[in-house]
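Asker: The following block contains the structure, expressed as structure tokens.
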Amino acid sequence: VLTFDDAPVRQFTYVAPLLKQYGFGGTFFVCEFPPNYHDSTKYMTWSQMQQLGKMGFEVANHTHTHASVIGLSQQQFTVQLKYIEDKCDSLKIGKQVTFAYPGYDVDSSAFATLKKTGYLFARVGGSRAYDPLSDYPYLVPSWASTTNNEAQIMNAFKQAKDGKIVVLTFHGVPDYEHSWVTTPPELFKKYLQYLYNNHYK
């Protein structure tokens with residue numbers, strides 16, 4: 001599962017066309033990343049997020065302001081979720097049923113809110129494969145791609161077997177504001193080529 005966080009603009013201008021070229025889907029966890037989300041040279045506009053939905057990709061919830069769920073009341077968390085849901089609804093983007101914890105910060109008190117508001121899955125970190133038979137669906141583990149962990153990601157692909165699912169987290173390709181989570185475009189394309197050549201679904 002290919003997931004993309006924070007709505008940097010290169011996810012629209014580079015990632016999405018490349019995914020279409022290789023025939024892969026993707027889940028884009030969108031938010032209005034502070035403080036520069038209005039800068040369309042760095043972050044997607046809502047019109048671009050709408051286009052992702054029209055292209056057949058999942059547009060999913062990453063909270064309004066990339067807010068850590070730790071310490072949020074149920075009401076505060078609901079407000080964070082509802083902002084993205086209402087934006088997507090106004091743009092006729094499909095209903096959000098998948099959530100990603102900003103910063104991988106998990107608070108078990110969030111589970112009840114996610115369940116109440118109709119979410120089916122929530123993604124965390126953990127760098128291991130997801131086992132649908134034993135893992136809690138609000139704690140789906142994933143690997144985060146960076147410039148320097150190619151070997152780890154390539155090894156992760158091999159764990160997609162025996163019913164287990166490998167979930168990857170990408171940020172910007174590249175990420176102009178957060179160099180520690182950037183993925184170079186040539187490396188991202190290398191991953192897609194490997195998945196394509198080896199018939200991953």
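Identifiers in the structure tokens: chain A, B, ... in order shown; residue index from 1 per chain; ligand index from 1 in order shown.
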Determine, counting only C-alpha atoms, which protein, DNA and RNA residues have an atom within 8 Å of an atom of range 137-151 of chain A; residues of the same chain fewer than 3 positions away are not included. Present the result as a PyMOL selection string.
Answerer: chain A and resi 111+120-130+132+154-156+166-171+180-184+187
Asker: Extract, using only C-alpha atoms, all DNA, RNA and protein residues at most 6 Å from Met44 in chain A, discarding same-chain residues fewer than 4 positions from it, and format them as a PyMOL selection string.
Answerer: chain A and resi 7-9+40+48
Asker: Go ahead and write the residues just picked, N, CA, C and O atoms, as a PDB file, in the first residue's frame.
Answerer:
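Output file out.pdb is given in full below:
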ATOM      1  N   ALA A   7       0.304  16.466   1.943  1.00  0.00           N
ATOM      2  CA  ALA A   7      -0.119  17.222   0.757  1.00  0.00           C
ATOM      3  C   ALA A   7       0.928  18.158   0.159  1.00  0.00           C
ATOM      4  O   ALA A   7       0.583  19.224  -0.361  1.00  0.00           O
ATOM      5  N   PRO A   8       2.228  17.809   0.161  1.00  0.00           N
ATOM      6  CA  PRO A   8       3.169  18.634  -0.599  1.00  0.00           C
ATOM      7  C   PRO A   8       2.840  18.582  -2.090  1.00  0.00           C
ATOM      8  O   PRO A   8       2.337  17.578  -2.594  1.00  0.00           O
ATOM      9  N   VAL A   9       3.123  19.665  -2.792  1.00  0.00           N
ATOM     10  CA  VAL A   9       2.646  19.823  -4.162  1.00  0.00           C
ATOM     11  C   VAL A   9       3.205  18.771  -5.114  1.00  0.00           C
ATOM     12  O   VAL A   9       2.549  18.380  -6.081  1.00  0.00           O
ATOM     13  N   SER A  40       1.252  27.540  -2.729  1.00  0.00           N
ATOM     14  CA  SER A  40       0.995  26.478  -3.704  1.00  0.00           C
ATOM     15  C   SER A  40       2.264  26.015  -4.422  1.00  0.00           C
ATOM     16  O   SER A  40       2.212  25.064  -5.196  1.00  0.00           O
ATOM     17  N   GLN A  48      -6.327  20.758  -6.474  1.00  0.00           N
ATOM     18  CA  GLN A  48      -5.444  19.649  -6.842  1.00  0.00           C
ATOM     19  C   GLN A  48      -5.799  18.377  -6.076  1.00  0.00           C
ATOM     20  O   GLN A  48      -5.771  17.274  -6.638  1.00  0.00           O
TER      21      GLN A  48
END
Asker: Out of range 15-67 of chain A, which residues get strand (DSSP E) from DSSP, as a ChimeraX atom specification?
Answerer: /A:27-30,58-61
Asker: Which residue is closest to Val106 in chain A? Choose from A:Met55, A:Leu72, A:Met49, A:Leu2 and count only C-alpha atoms.
Answerer: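 For Val106 in chain A, the nearest of the candidates is A:Leu72.
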Asker: Determine which residues of range 70-201 of chain A DSSP labels as alpha helix (DSSP H) from the backbone of this structure, then write them out as a VMD selection string.
Answerer: chain A and resid 74 to 90 110 to 116 150 to 157 185 to 197
Asker: Using CA of Val97 in chain A and CA of Tyr200 in chain A as the two end points, give the distance in Å to one decimal.
Answerer: 24.0 Å
Asker: CA of Ile84 in chain A and CA of Gly25 in chain A, how far apart in Å?
Answerer: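 Interatomic distance, CA of Gly25 in chain A to CA of Ile84 in chain A: 20.9 Å.
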Asker: From the set A:Thr117, A:Ile165, A:Ser179, A:Trp46, which residue has the shortest atom-to-atom contact distance to Ser90 in chain A, counting only C-alpha atoms?
Answerer: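 Among the listed residues, the smallest separation from Ser90 in chain A belongs to A:Trp46.
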Asker: Neighbouring residues of Lys201 in chain A were defined as those with any atom within 12 Å, considering only C-alpha atoms; residues of the same chain fewer than 5 positions away were excluded. Please report them as a list in words.
Answerer: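 Once the nearby chain positions are removed, what remains is Val1, Leu2, Tyr22, Gly23, Phe24, Gly25, Gly26, Phe157, Ala160, Lys161, Ile165, Val166, Val167, Leu192, Tyr194, Leu195 and Tyr196 of chain A.
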Asker: Have a look at A:Ser109, A:Gln21, A:Gln193, A:Thr27 and name the one nearest to Ile70 in chain A; count only C-alpha atoms.
Answerer: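 Smallest distance to Ile70 in chain A is found for A:Ser109.
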